>>> print(open('data05.cif').read())   # mmCIF, C-alpha atoms and all ligand atoms
data_data
#
loop_
_atom_site.label_atom_id
_atom_site.label_comp_id
_atom_site.auth_asym_id
_atom_site.auth_seq_id
_atom_site.Cartn_x
_atom_site.Cartn_y
_atom_site.Cartn_z
CA MET A 1 -38.29 -71.46 -1.71
CA ASN A 2 -35.60 -69.53 -3.60
CA THR A 3 -32.86 -72.06 -4.34
CA PHE A 4 -32.27 -70.67 -7.80
CA LEU A 5 -33.05 -67.03 -7.17
CA SER A 6 -30.58 -64.23 -6.51
CA ALA A 7 -31.55 -61.36 -4.20
CA GLU A 8 -32.35 -59.31 -7.34
CA GLN A 9 -34.61 -62.06 -8.65
CA ASP A 10 -36.38 -62.37 -5.31
CA ALA A 11 -36.98 -58.62 -5.51
CA PHE A 12 -38.16 -58.96 -9.12
CA LEU A 13 -40.64 -61.69 -8.10
CA ALA A 14 -41.92 -59.41 -5.33
CA ARG A 15 -42.41 -56.62 -7.92
CA CYS A 16 -44.26 -59.01 -10.25
CA ARG A 17 -46.51 -60.19 -7.39
CA ALA A 18 -47.23 -56.61 -6.32
CA HIS A 19 -48.14 -55.70 -9.91
CA ALA A 20 -50.33 -58.80 -10.29
CA THR A 21 -52.07 -58.19 -6.97
CA GLU A 22 -52.85 -54.59 -7.86
CA HIS A 23 -53.63 -54.88 -11.57
CA ILE A 24 -54.52 -58.51 -12.41
CA ALA A 25 -56.42 -59.74 -9.35
CA PRO A 26 -59.31 -57.29 -9.86
CA LEU A 27 -59.61 -58.39 -13.51
CA ALA A 28 -59.33 -62.18 -13.00
CA GLY A 29 -63.06 -62.96 -13.46
CA ASP A 30 -63.39 -60.65 -16.46
CA LEU A 31 -60.26 -62.11 -18.05
CA ASP A 32 -61.72 -65.61 -17.76
CA GLU A 33 -65.01 -64.50 -19.26
CA GLY A 34 -63.32 -62.74 -22.18
CA ARG A 35 -64.21 -59.19 -21.14
CA HIS A 36 -60.51 -58.36 -20.87
CA SER A 37 -57.56 -59.86 -22.70
CA PHE A 38 -53.79 -59.84 -22.76
CA ARG A 39 -54.03 -56.61 -24.76
CA ASP A 40 -55.54 -54.86 -21.73
CA VAL A 41 -52.74 -55.91 -19.39
CA VAL A 42 -49.76 -55.91 -21.70
CA SER A 43 -49.04 -52.19 -21.82
CA GLY A 44 -49.18 -52.06 -18.00
CA LEU A 45 -46.59 -54.83 -17.89
CA GLY A 46 -44.50 -52.98 -20.46
CA GLN A 47 -44.71 -49.66 -18.60
CA ALA A 48 -43.76 -51.37 -15.33
CA GLY A 49 -40.64 -52.69 -17.09
CA LEU A 50 -41.70 -56.27 -16.47
CA LEU A 51 -42.37 -57.42 -20.03
CA GLY A 52 -39.01 -56.73 -21.62
CA SER A 53 -36.83 -58.37 -19.00
CA PHE A 54 -35.91 -61.03 -21.54
CA VAL A 55 -35.14 -58.62 -24.42
CA ALA A 56 -31.49 -57.57 -24.89
CA LYS A 57 -30.53 -54.12 -23.55
CA GLU A 58 -29.50 -52.89 -26.99
CA TYR A 59 -33.10 -53.45 -28.14
CA GLY A 60 -34.76 -51.71 -25.21
CA GLY A 61 -35.07 -54.59 -22.75
CA GLN A 62 -33.28 -55.35 -19.50
CA GLY A 63 -31.27 -58.30 -20.82
CA ALA A 64 -32.20 -60.24 -17.69
CA PRO A 65 -31.95 -64.03 -17.39
CA PHE A 66 -34.88 -66.09 -18.69
CA VAL A 67 -35.71 -67.01 -15.07
CA ASN A 68 -37.09 -63.47 -14.65
CA LEU A 69 -39.71 -64.00 -17.34
CA VAL A 70 -40.66 -67.29 -15.69
CA LEU A 71 -41.12 -65.45 -12.38
CA LEU A 72 -43.44 -62.97 -14.10
CA ALA A 73 -45.46 -65.84 -15.61
CA GLU A 74 -45.71 -67.53 -12.21
CA ALA A 75 -46.86 -64.32 -10.48
CA LEU A 76 -49.51 -63.57 -13.14
CA SER A 77 -50.74 -67.16 -12.97
CA GLU A 78 -51.54 -66.88 -9.29
CA PHE A 79 -54.51 -64.84 -10.56
CA ASP A 80 -54.91 -65.85 -14.20
CA PRO A 81 -52.76 -68.57 -15.83
CA GLY A 82 -54.19 -67.72 -19.26
CA LEU A 83 -51.99 -64.62 -19.18
CA ALA A 84 -48.92 -66.84 -18.95
CA LEU A 85 -50.03 -68.63 -22.12
CA SER A 86 -50.35 -65.29 -23.90
CA LEU A 87 -46.99 -64.29 -22.50
CA ALA A 88 -45.54 -67.57 -23.81
CA ALA A 89 -46.66 -66.80 -27.38
CA HIS A 90 -45.27 -63.25 -27.07
CA ALA A 91 -41.97 -64.66 -25.73
CA GLN A 92 -41.72 -67.15 -28.61
CA VAL A 93 -41.68 -64.21 -31.02
CA ILE A 94 -39.04 -62.41 -28.93
CA GLU A 95 -36.92 -65.56 -28.80
CA LEU A 96 -37.16 -66.20 -32.55
CA LEU A 97 -36.38 -62.62 -33.52
CA SER A 98 -33.54 -62.30 -30.99
CA LYS A 99 -31.83 -65.47 -32.20
CA HIS A 100 -32.58 -65.46 -35.92
CA GLY A 101 -33.77 -61.97 -36.93
CA THR A 102 -31.78 -59.60 -39.11
CA ASP A 103 -30.60 -56.32 -37.53
CA THR A 104 -33.44 -54.55 -39.32
CA GLN A 105 -36.08 -57.01 -38.04
CA LYS A 106 -34.70 -56.82 -34.50
CA SER A 107 -34.47 -53.02 -34.42
CA ARG A 108 -37.96 -52.67 -35.80
CA TYR A 109 -39.82 -55.07 -33.53
CA LEU A 110 -37.90 -55.95 -30.35
CA PRO A 111 -38.22 -52.51 -28.67
CA LEU A 112 -41.98 -52.53 -29.36
CA LEU A 113 -42.34 -56.10 -28.07
CA ALA A 114 -40.36 -55.16 -24.93
CA ARG A 115 -42.67 -52.22 -24.21
CA GLY A 116 -45.87 -54.12 -24.98
CA GLU A 117 -46.66 -51.83 -27.88
CA CYS A 118 -46.58 -54.81 -30.21
CA ILE A 119 -47.98 -58.24 -29.30
CA GLY A 120 -46.56 -61.39 -30.82
CA ALA A 121 -48.17 -64.67 -31.94
CA PHE A 122 -46.63 -67.87 -33.26
CA ALA A 123 -48.61 -69.80 -35.90
CA LEU A 124 -47.44 -73.37 -36.31
CA SER A 125 -50.35 -75.81 -35.89
CA GLU A 126 -52.94 -76.73 -38.51
CA GLU A 127 -56.07 -78.85 -38.52
CA THR A 128 -54.15 -81.90 -39.76
CA ALA A 129 -50.75 -80.98 -38.27
CA GLY A 130 -50.72 -80.77 -34.44
CA SER A 131 -48.08 -82.84 -32.64
CA ASP A 132 -46.83 -83.74 -36.12
CA TYR A 133 -46.49 -80.10 -37.16
CA ALA A 134 -44.09 -80.94 -39.98
CA ALA A 135 -47.11 -82.39 -41.83
CA MET A 136 -48.33 -78.81 -42.33
CA LYS A 137 -49.73 -77.69 -45.68
CA THR A 138 -49.34 -73.91 -45.48
CA SER A 139 -47.14 -72.85 -48.38
CA ALA A 140 -44.69 -70.03 -48.90
CA ALA A 141 -44.15 -69.77 -52.65
CA VAL A 142 -41.13 -67.56 -53.35
CA SER A 143 -40.40 -65.97 -56.70
CA GLY A 144 -39.27 -62.60 -58.03
CA GLY A 145 -38.39 -61.23 -54.59
CA LYS A 146 -41.87 -61.95 -53.21
CA CYS A 147 -43.47 -64.69 -51.16
CA ILE A 148 -47.09 -65.79 -51.45
CA LEU A 149 -48.39 -67.25 -48.18
CA THR A 150 -51.38 -69.61 -48.40
CA GLY A 151 -52.85 -71.86 -45.72
CA GLU A 152 -54.85 -72.16 -42.51
CA LYS A 153 -53.30 -72.01 -39.08
CA THR A 154 -55.22 -73.18 -36.01
CA TRP A 155 -55.13 -72.47 -32.27
CA VAL A 156 -52.94 -69.37 -32.59
CA VAL A 157 -52.64 -67.80 -29.13
CA ASN A 158 -52.97 -63.99 -29.27
CA GLY A 159 -54.29 -64.35 -32.87
CA SER A 160 -56.94 -61.66 -32.46
CA VAL A 161 -54.78 -59.26 -30.42
CA ALA A 162 -51.40 -59.69 -32.08
CA ASN A 163 -49.67 -57.09 -34.25
CA LEU A 164 -46.94 -59.44 -35.43
CA ALA A 165 -47.32 -63.12 -36.26
CA LEU A 166 -44.48 -65.49 -37.02
CA VAL A 167 -45.96 -68.02 -39.40
CA VAL A 168 -44.38 -71.36 -40.28
CA ALA A 169 -44.88 -72.56 -43.85
CA LYS A 170 -43.35 -74.90 -46.38
CA ASP A 171 -41.36 -73.60 -49.31
CA ASP A 172 -41.32 -75.07 -52.83
CA ALA A 173 -38.74 -77.64 -51.72
CA ALA A 174 -41.11 -78.68 -48.86
CA LYS A 175 -38.67 -77.24 -46.29
CA LEU A 176 -40.04 -75.32 -43.32
CA SER A 177 -39.49 -71.58 -43.20
CA ILE A 178 -40.73 -68.86 -40.80
CA TRP A 179 -42.32 -65.62 -42.01
CA LEU A 180 -42.93 -62.30 -40.27
CA VAL A 181 -46.46 -61.13 -40.92
CA ASP A 182 -47.19 -57.57 -39.83
CA LEU A 183 -50.89 -58.07 -39.10
CA ASP A 184 -51.59 -54.33 -38.74
CA ASN A 185 -50.42 -53.60 -42.26
CA ALA A 186 -51.26 -56.87 -44.04
CA ASP A 187 -53.83 -56.84 -46.86
CA LYS A 188 -57.03 -57.51 -44.86
CA SER A 189 -58.67 -59.25 -47.84
CA LYS A 190 -55.89 -61.87 -47.70
CA VAL A 191 -55.86 -62.56 -43.95
CA GLU A 192 -58.85 -63.85 -42.04
CA ILE A 193 -58.71 -64.11 -38.26
CA GLY A 194 -61.40 -66.36 -36.76
CA SER A 195 -63.33 -65.60 -33.60
CA ASN A 196 -61.85 -66.52 -30.21
CA ARG A 197 -62.12 -70.27 -29.68
CA LYS A 198 -64.22 -71.20 -26.64
CA LYS A 199 -62.19 -73.52 -24.51
CA LEU A 200 -62.13 -75.38 -21.19
CA GLY A 201 -59.52 -73.21 -19.50
CA LEU A 202 -56.80 -70.57 -19.95
CA ARG A 203 -59.66 -68.62 -21.48
CA SER A 204 -58.10 -65.18 -21.23
CA ALA A 205 -55.53 -66.24 -23.85
CA ALA A 206 -57.32 -65.35 -27.08
CA THR A 207 -56.89 -68.37 -29.37
CA ASN A 208 -57.80 -68.05 -33.04
CA ASP A 209 -57.55 -69.74 -36.39
CA ILE A 210 -55.90 -67.59 -39.06
CA SER A 211 -56.27 -68.11 -42.82
CA PHE A 212 -53.78 -66.70 -45.30
CA LYS A 213 -55.29 -66.47 -48.77
CA GLY A 214 -52.37 -65.78 -51.05
CA LEU A 215 -50.94 -63.01 -48.86
CA GLU A 216 -48.01 -61.29 -50.57
CA LEU A 217 -44.92 -60.70 -48.43
CA ALA A 218 -41.55 -59.25 -49.31
CA GLN A 219 -38.91 -61.95 -49.53
CA ASP A 220 -36.97 -60.28 -46.72
CA ALA A 221 -39.89 -60.98 -44.36
CA VAL A 222 -38.37 -64.42 -43.88
CA LEU A 223 -36.81 -65.15 -40.49
CA GLY A 224 -33.36 -66.63 -40.83
CA SER A 225 -33.35 -69.35 -43.47
CA SER A 226 -34.99 -72.71 -44.02
CA GLU A 227 -31.72 -74.25 -42.75
CA VAL A 228 -32.39 -72.95 -39.23
CA ALA A 229 -36.19 -73.19 -39.18
CA GLU A 230 -36.40 -76.63 -37.51
CA THR A 231 -34.00 -75.56 -34.77
CA ALA A 232 -35.74 -72.21 -34.36
CA ILE A 233 -39.16 -73.87 -33.94
CA ARG A 234 -37.77 -76.18 -31.26
CA GLU A 235 -36.13 -73.25 -29.45
CA ALA A 236 -39.39 -71.29 -29.51
CA MET A 237 -41.36 -74.29 -28.25
CA ASP A 238 -38.83 -74.88 -25.43
CA VAL A 239 -39.30 -71.29 -24.24
CA SER A 240 -43.08 -71.53 -24.27
CA LYS A 241 -43.07 -74.91 -22.51
CA VAL A 242 -41.24 -73.45 -19.51
CA LEU A 243 -43.69 -70.54 -19.37
CA VAL A 244 -46.65 -72.96 -19.46
CA ALA A 245 -44.96 -74.89 -16.63
CA ALA A 246 -44.80 -71.55 -14.76
CA ALA A 247 -48.54 -71.14 -15.42
CA ALA A 248 -49.03 -74.52 -13.75
CA THR A 249 -46.84 -73.69 -10.73
CA GLY A 250 -48.44 -70.26 -10.33
CA LEU A 251 -51.92 -71.75 -10.32
CA MET A 252 -50.75 -74.33 -7.76
CA ASN A 253 -49.49 -71.53 -5.47
CA SER A 254 -53.01 -70.23 -5.57
CA ALA A 255 -54.62 -73.67 -5.09
CA ILE A 256 -52.48 -74.27 -1.98
CA THR A 257 -53.28 -70.85 -0.46
CA HIS A 258 -57.03 -71.29 -1.00
CA SER A 259 -57.04 -74.92 0.16
CA VAL A 260 -55.12 -74.24 3.37
CA ASP A 261 -57.42 -71.35 4.14
CA ARG A 262 -60.49 -73.54 3.57
CA ALA A 263 -59.05 -76.39 5.65
CA ARG A 264 -58.49 -73.99 8.54
CA THR A 265 -61.94 -72.46 8.46
CA ARG A 266 -64.43 -75.10 7.26
CA GLU A 267 -66.05 -76.82 10.25
CA GLN A 268 -67.61 -80.29 10.07
CA PHE A 269 -68.23 -82.86 12.84
CA GLY A 270 -67.37 -80.27 15.49
CA GLY A 271 -63.95 -79.19 14.21
CA ASN A 272 -62.24 -77.74 11.17
CA ILE A 273 -61.51 -80.16 8.34
CA GLY A 274 -57.81 -79.26 8.50
CA LYS A 275 -57.63 -81.39 11.67
CA LEU A 276 -58.45 -84.48 9.59
CA GLN A 277 -55.46 -86.49 8.40
CA ALA A 278 -57.26 -87.13 5.08
CA ILE A 279 -57.16 -83.40 4.36
CA GLN A 280 -53.66 -82.85 5.82
CA TRP A 281 -52.21 -85.52 3.54
CA LYS A 282 -53.80 -83.98 0.48
CA LEU A 283 -52.19 -80.67 1.41
CA ALA A 284 -48.84 -82.36 2.11
CA ASP A 285 -48.85 -84.10 -1.30
CA MET A 286 -49.93 -80.89 -2.99
CA SER A 287 -47.20 -78.89 -1.32
CA ALA A 288 -44.40 -81.40 -1.97
CA ASP A 289 -45.31 -82.02 -5.62
CA SER A 290 -45.78 -78.31 -6.31
CA SER A 291 -42.38 -77.50 -4.83
CA ALA A 292 -40.79 -80.21 -6.99
CA ALA A 293 -42.54 -78.84 -10.10
CA LYS A 294 -41.36 -75.32 -9.28
CA LEU A 295 -37.75 -76.47 -8.81
CA LEU A 296 -37.83 -78.28 -12.17
CA THR A 297 -39.28 -75.18 -13.82
CA TYR A 298 -36.64 -72.84 -12.36
CA ARG A 299 -33.97 -75.37 -13.27
CA ALA A 300 -35.17 -75.45 -16.90
CA ALA A 301 -35.21 -71.64 -17.02
CA TRP A 302 -31.67 -71.60 -15.62
CA SER A 303 -30.55 -74.17 -18.24
CA LYS A 304 -31.60 -71.87 -21.07
CA ASP A 305 -28.89 -69.39 -20.08
CA GLU A 306 -26.38 -71.54 -18.25
CA ALA A 307 -26.58 -75.08 -19.70
CA PRO A 308 -28.19 -74.72 -23.15
CA GLU A 309 -27.34 -78.29 -24.12
CA GLU A 310 -29.74 -79.46 -21.39
CA PHE A 311 -32.50 -76.96 -22.10
CA SER A 312 -34.72 -79.07 -24.39
CA LYS A 313 -34.76 -82.00 -21.99
CA ASP A 314 -35.32 -79.74 -18.95
CA ALA A 315 -38.10 -77.82 -20.72
CA ALA A 316 -39.89 -81.09 -21.59
CA MET A 317 -39.48 -82.40 -18.04
CA CYS A 318 -40.80 -79.29 -16.32
CA LYS A 319 -43.73 -78.92 -18.73
CA PHE A 320 -44.77 -82.55 -18.34
CA TYR A 321 -44.32 -82.65 -14.55
CA ALA A 322 -45.76 -79.24 -13.67
CA ALA A 323 -48.84 -79.76 -15.87
CA LYS A 324 -49.50 -83.18 -14.36
CA THR A 325 -49.02 -81.83 -10.84
CA ALA A 326 -51.44 -79.00 -11.54
CA ARG A 327 -54.05 -81.34 -13.03
CA VAL A 328 -53.86 -83.87 -10.16
CA HIS A 329 -53.70 -81.39 -7.29
CA SER A 330 -56.16 -78.82 -8.61
CA ALA A 331 -58.60 -81.77 -8.57
CA GLU A 332 -57.68 -82.38 -4.92
CA ALA A 333 -58.27 -78.69 -4.19
CA VAL A 334 -61.77 -79.09 -5.63
CA GLN A 335 -62.22 -82.10 -3.30
CA ILE A 336 -61.13 -80.08 -0.24
CA PHE A 337 -63.68 -77.40 -1.10
CA GLY A 338 -66.49 -79.97 -1.50
CA SER A 339 -69.54 -78.50 -3.22
CA LEU A 340 -67.97 -75.03 -3.31
CA GLY A 341 -65.12 -76.58 -5.31
CA VAL A 342 -67.44 -77.03 -8.28
CA SER A 343 -69.13 -73.65 -7.92
CA ASP A 344 -68.12 -70.90 -10.29
CA ASP A 345 -68.58 -68.45 -7.38
CA GLU A 346 -65.23 -69.73 -6.06
CA PRO A 347 -61.83 -69.62 -7.82
CA ILE A 348 -61.16 -73.37 -7.46
CA GLU A 349 -63.12 -74.67 -10.43
CA LYS A 350 -61.27 -72.23 -12.71
CA LEU A 351 -57.91 -73.53 -11.44
CA TYR A 352 -59.04 -77.07 -12.28
CA ARG A 353 -60.14 -76.06 -15.79
CA ASP A 354 -56.97 -74.08 -16.41
CA ALA A 355 -54.75 -76.91 -15.13
CA LYS A 356 -56.03 -79.47 -17.66
CA VAL A 357 -55.20 -77.24 -20.61
CA THR A 358 -51.55 -76.98 -19.52
CA GLU A 359 -51.21 -80.69 -20.46
CA ILE A 360 -52.06 -79.90 -24.10
CA ALA A 361 -51.05 -76.35 -25.05
CA GLU A 362 -47.48 -75.89 -26.38
CA GLY A 363 -47.00 -79.64 -26.85
CA THR A 364 -48.87 -82.49 -25.17
CA SER A 365 -47.55 -84.44 -22.19
CA GLU A 366 -47.08 -87.51 -24.39
CA ILE A 367 -44.81 -85.57 -26.74
CA GLN A 368 -42.80 -84.29 -23.74
CA LYS A 369 -42.34 -87.88 -22.59
CA ASN A 370 -41.15 -88.84 -26.10
CA ILE A 371 -38.53 -86.07 -25.87
CA ILE A 372 -37.41 -87.19 -22.39
CA ALA A 373 -37.26 -90.85 -23.47
CA LYS A 374 -35.06 -89.91 -26.44
CA GLU A 375 -32.75 -87.99 -24.08
CA VAL A 376 -32.37 -90.96 -21.76
CA GLY A 377 -31.28 -92.99 -24.76
CA VAL A 378 -33.97 -95.63 -25.25
C1 LIG A 401 -54.86 -73.61 -25.46
C2 LIG A 401 -54.02 -73.97 -26.64
C3 LIG A 401 -53.12 -73.06 -27.14
C4 LIG A 401 -52.37 -73.34 -28.29
N1 LIG A 401 -51.54 -72.38 -28.81
C5 LIG A 401 -50.95 -72.59 -30.00
C6 LIG A 401 -50.21 -71.54 -30.65
O1 LIG A 401 -50.09 -70.41 -30.13
N2 LIG A 401 -49.68 -71.77 -31.87
C7 LIG A 401 -49.80 -73.00 -32.48
O2 LIG A 401 -49.28 -73.14 -33.57
N3 LIG A 401 -50.46 -74.02 -31.88
C8 LIG A 401 -51.05 -73.84 -30.67
N4 LIG A 401 -51.78 -74.85 -30.07
C9 LIG A 401 -51.85 -76.15 -30.70
C10 LIG A 401 -51.08 -77.18 -29.89
O3 LIG A 401 -49.70 -76.99 -30.06
C11 LIG A 401 -51.55 -78.57 -30.35
O4 LIG A 401 -52.90 -78.68 -29.94
C12 LIG A 401 -50.76 -79.67 -29.72
O5 LIG A 401 -49.46 -79.69 -30.25
C13 LIG A 401 -51.44 -81.02 -29.96
O6 LIG A 401 -51.84 -81.17 -31.29
P1 LIG A 401 -53.32 -81.70 -31.59
O7 LIG A 401 -54.27 -80.91 -30.78
O8 LIG A 401 -53.50 -81.72 -33.05
O9 LIG A 401 -53.35 -83.19 -31.01
P2 LIG A 401 -52.80 -84.47 -31.78
O10 LIG A 401 -51.43 -84.24 -32.29
O11 LIG A 401 -53.85 -84.96 -32.73
O12 LIG A 401 -52.70 -85.51 -30.56
C14 LIG A 401 -53.84 -86.22 -30.06
C15 LIG A 401 -53.35 -87.18 -28.98
O13 LIG A 401 -52.40 -88.10 -29.54
C16 LIG A 401 -51.19 -88.02 -28.82
N5 LIG A 401 -50.04 -88.20 -29.72
C17 LIG A 401 -49.85 -87.65 -30.95
N6 LIG A 401 -48.68 -88.02 -31.46
C18 LIG A 401 -48.09 -88.80 -30.52
C19 LIG A 401 -46.85 -89.50 -30.44
N7 LIG A 401 -45.95 -89.46 -31.43
N8 LIG A 401 -46.59 -90.22 -29.32
C20 LIG A 401 -47.50 -90.28 -28.31
N9 LIG A 401 -48.69 -89.65 -28.32
C21 LIG A 401 -48.97 -88.92 -29.41
C22 LIG A 401 -51.17 -86.62 -28.21
O14 LIG A 401 -50.31 -86.54 -27.10
C23 LIG A 401 -52.63 -86.45 -27.83
O15 LIG A 401 -52.89 -87.09 -26.63
C24 LIG A 401 -52.50 -74.60 -28.91
C25 LIG A 401 -53.39 -75.56 -28.37
C26 LIG A 401 -54.14 -75.24 -27.26
C27 LIG A 401 -55.09 -76.27 -26.70
#
>>> encode(input="data05.cif", output="structure tokens")
Amino acid sequence: MNTFLSAEQDAFLARCRAHATEHIAPLAGDLDEGRHSFRDVVSGLGQAGLLGSFVAKEYGGQGAPFVNLVLLAEALSEFDPGLALSLAAHAQVIELLSKHGTDTQKSRYLPLLARGECIGAFALSEETAGSDYAAMKTSAAVSGGKCILTGEKTWVVNGSVANLALVVAKDDAAKLSIWLVDLDNADKSKVEIGSNRKKLGLRSAATNDISFKGLELAQDAVLGSSEVAETAIREAMDVSKVLVAAAATGLMNSAITHSVDRARTREQFGGNIGKLQAIQWKLADMSADSSAAKLLTYRAAWSKDEAPEEFSKDAAMCKFYAAKTARVHSAEAVQIFGSLGVSDDEPIEKLYRDAKVTEIAEGTSEIQKNIIAKEVGV
């Protein structure tokens, strides 16, 4: 299915799949068990010229359409969807810097982010500020050309592997602002990065809490201004939602391949289970819904470049629909595999675990439905 893809993008997807097959497939189990992380794969992606597709040419990227990054996320997710979540956090930082960074900030970080020599993280959520992130308490107190950052961020993807974090805080007027924190050079006594959270799925994406204990930043470490912060946060979240939708569609590609293979080869009652209509219909539903989710995801990626006024709505729709499709049909894949579906010797149980997390990370399904409902005008 390549309705939205040019010949170049088809070729790019083939390159991404070849890279994932050679470099990610052998690591998939270790990635899930935390023995490898995004850090171990990111420089390979950078060297292969896959990571910076979405960075402008003048800053060392390829200046390709956003669809290309979505294709990379989909290809990686056929083996490990957690990588797409890490990629989403990295892409949020690229998006924020590209749109709102000063020339100095862009020249300093974008080439490194494009090559995978710098990993990005986006710190928005807090213990008491999840869906309602504006209720955050982290403060950025500005005076005398300095900013003092104080607060505790939770669930920061790439927290333990990132070099650069974009941290959202409230200024003295209680307005949101976004701060660049160079984690490599920050005062280590003022920044505490928690251990990797143990979670149901998408485990390869290191997810950490980060405390800032009066960290001093230069005032020019601010991204844009508090006037654009709300818009910038929404733009960053829209980008990551589409990449999480790509995680869901990539994992469904894998669920379909494994399930069809199992249906063809598993024999019960004197024939393979793929001859049973009960199994055929599961595969038909899985295939139709996955194709619809993929089309919505490509459409949202296309909107970012070609119909930006529709991007927020399309990003919410693809995230909501692809995550639901992955959750429902990865469960059906488990059913097709029977007892092997719940065995951790087979890849199916991991797909099921990973799928559920796509309904929560980067904005829950309920919040996506709120966004869609607002767009339809109720
Ligand atoms: C794997 C993972 C990765 C993450 N990565 C990051 C990251 O990199 N950076 C970061 O800052 N955060 C990150 N998060 C945090 C994530 O954005 C929040 O978990 C998410 O926004 C939900 O917030 P919450 O967990 O506090 O749930 P809550 O907001 O407490 O929601 C609980 C339930 O109430 C529902 N609900 C809440 N408000 C409404 C409403 N208005 N209407 C309808 N239903 C509602 C929710 O949908 C949900 O079902 C990550 C989370 C996970 C699980």
>>> residues_near_ligand(input="data05.cif", ligand="ligand LIG 401 (chain A)", cutoff="9 Å", atoms="all atoms listed in the file", output="ChimeraX atom specification")
/A:82,85-86,88-89,121-133,153-159,167-168,199-203,205-208,237,357-370
>>> write_last_selection(input="data05.cif", atoms="C-alpha atoms", output="short mmCIF file (atom, residue, chain, number, x, y, z; two decimals), in the coordinates of the input")
data_model
loop_
_atom_site.label_atom_id
_atom_site.label_comp_id
_atom_site.auth_asym_id
_atom_site.auth_seq_id
_atom_site.Cartn_x
_atom_site.Cartn_y
_atom_site.Cartn_z
CA GLY A 82 -54.19 -67.72 -19.26
CA LEU A 85 -50.03 -68.63 -22.12
CA SER A 86 -50.35 -65.29 -23.90
CA ALA A 88 -45.54 -67.57 -23.81
CA ALA A 89 -46.66 -66.80 -27.38
CA ALA A 121 -48.17 -64.67 -31.94
CA PHE A 122 -46.63 -67.87 -33.26
CA ALA A 123 -48.61 -69.80 -35.90
CA LEU A 124 -47.44 -73.37 -36.31
CA SER A 125 -50.35 -75.81 -35.89
CA GLU A 126 -52.94 -76.73 -38.51
CA GLU A 127 -56.07 -78.85 -38.52
CA THR A 128 -54.15 -81.90 -39.76
CA ALA A 129 -50.75 -80.98 -38.27
CA GLY A 130 -50.72 -80.77 -34.44
CA SER A 131 -48.08 -82.84 -32.64
CA ASP A 132 -46.83 -83.74 -36.12
CA TYR A 133 -46.49 -80.10 -37.16
CA LYS A 153 -53.30 -72.01 -39.08
CA THR A 154 -55.22 -73.18 -36.01
CA TRP A 155 -55.13 -72.47 -32.27
CA VAL A 156 -52.94 -69.37 -32.59
CA VAL A 157 -52.64 -67.80 -29.13
CA ASN A 158 -52.97 -63.99 -29.27
CA GLY A 159 -54.29 -64.35 -32.87
CA VAL A 167 -45.96 -68.02 -39.40
CA VAL A 168 -44.38 -71.36 -40.28
CA LYS A 199 -62.19 -73.52 -24.51
CA LEU A 200 -62.13 -75.38 -21.19
CA GLY A 201 -59.52 -73.21 -19.50
CA LEU A 202 -56.80 -70.57 -19.95
CA ARG A 203 -59.66 -68.62 -21.48
CA ALA A 205 -55.53 -66.24 -23.85
CA ALA A 206 -57.32 -65.35 -27.08
CA THR A 207 -56.89 -68.37 -29.37
CA ASN A 208 -57.80 -68.05 -33.04
CA MET A 237 -41.36 -74.29 -28.25
CA VAL A 357 -55.20 -77.24 -20.61
CA THR A 358 -51.55 -76.98 -19.52
CA GLU A 359 -51.21 -80.69 -20.46
CA ILE A 360 -52.06 -79.90 -24.10
CA ALA A 361 -51.05 -76.35 -25.05
CA GLU A 362 -47.48 -75.89 -26.38
CA GLY A 363 -47.00 -79.64 -26.85
CA THR A 364 -48.87 -82.49 -25.17
CA SER A 365 -47.55 -84.44 -22.19
CA GLU A 366 -47.08 -87.51 -24.39
CA ILE A 367 -44.81 -85.57 -26.74
CA GLN A 368 -42.80 -84.29 -23.74
CA LYS A 369 -42.34 -87.88 -22.59
CA ASN A 370 -41.15 -88.84 -26.10
#
>>> residues_around(input="data05.cif", residues="A:Glu95", least_positions_apart="2", cutoff="8 Å", atoms="only C-alpha atoms", output="ChimeraX atom specification")
/A:91-93,97-99,235-236,239
>>> atom_distance(input="data05.cif", atom1="atom CA of A:Ser43", atom2="atom CA of A:Ala301")
24.3 Å
>>> residues_around(input="data05.cif", residues="A:Asp184", least_positions_apart="5", cutoff="12 Å", atoms="only C-alpha atoms", output="VMD selection string")
chain A and resid 118 to 120 159 to 165 191
>>> write_last_selection(input="data05.cif", atoms="C-alpha atoms", output="CSV table (one decimal), keeping the file's coordinate frame")
chain,number,residue,atom,x,y,z
A,118,CYS,CA,-46.6,-54.8,-30.2
A,119,ILE,CA,-48.0,-58.2,-29.3
A,120,GLY,CA,-46.6,-61.4,-30.8
A,159,GLY,CA,-54.3,-64.4,-32.9
A,160,SER,CA,-56.9,-61.7,-32.5
A,161,VAL,CA,-54.8,-59.3,-30.4
A,162,ALA,CA,-51.4,-59.7,-32.1
A,163,ASN,CA,-49.7,-57.1,-34.2
A,164,LEU,CA,-46.9,-59.4,-35.4
A,165,ALA,CA,-47.3,-63.1,-36.3
A,191,VAL,CA,-55.9,-62.6,-44.0
>>> closest_atom_pairs(input="data05.cif", of="stretch 192-266 of chain A", to="stretch 336-342 of chain A", cutoff="10 Å", atoms="all atoms listed in the file", output="JSON lines")
{"residue": "A:His258", "atom": "CA", "partner": "A:Phe337", "partner_atom": "CA", "distance": 9.0}
{"residue": "A:Ser259", "atom": "CA", "partner": "A:Ile336", "partner_atom": "CA", "distance": 6.6}
{"residue": "A:Val260", "atom": "CA", "partner": "A:Ile336", "partner_atom": "CA", "distance": 9.1}
{"residue": "A:Arg262", "atom": "CA", "partner": "A:Phe337", "partner_atom": "CA", "distance": 6.8}
{"residue": "A:Ala263", "atom": "CA", "partner": "A:Ile336", "partner_atom": "CA", "distance": 7.3}
{"residue": "A:Arg266", "atom": "CA", "partner": "A:Phe337", "partner_atom": "CA", "distance": 8.7}
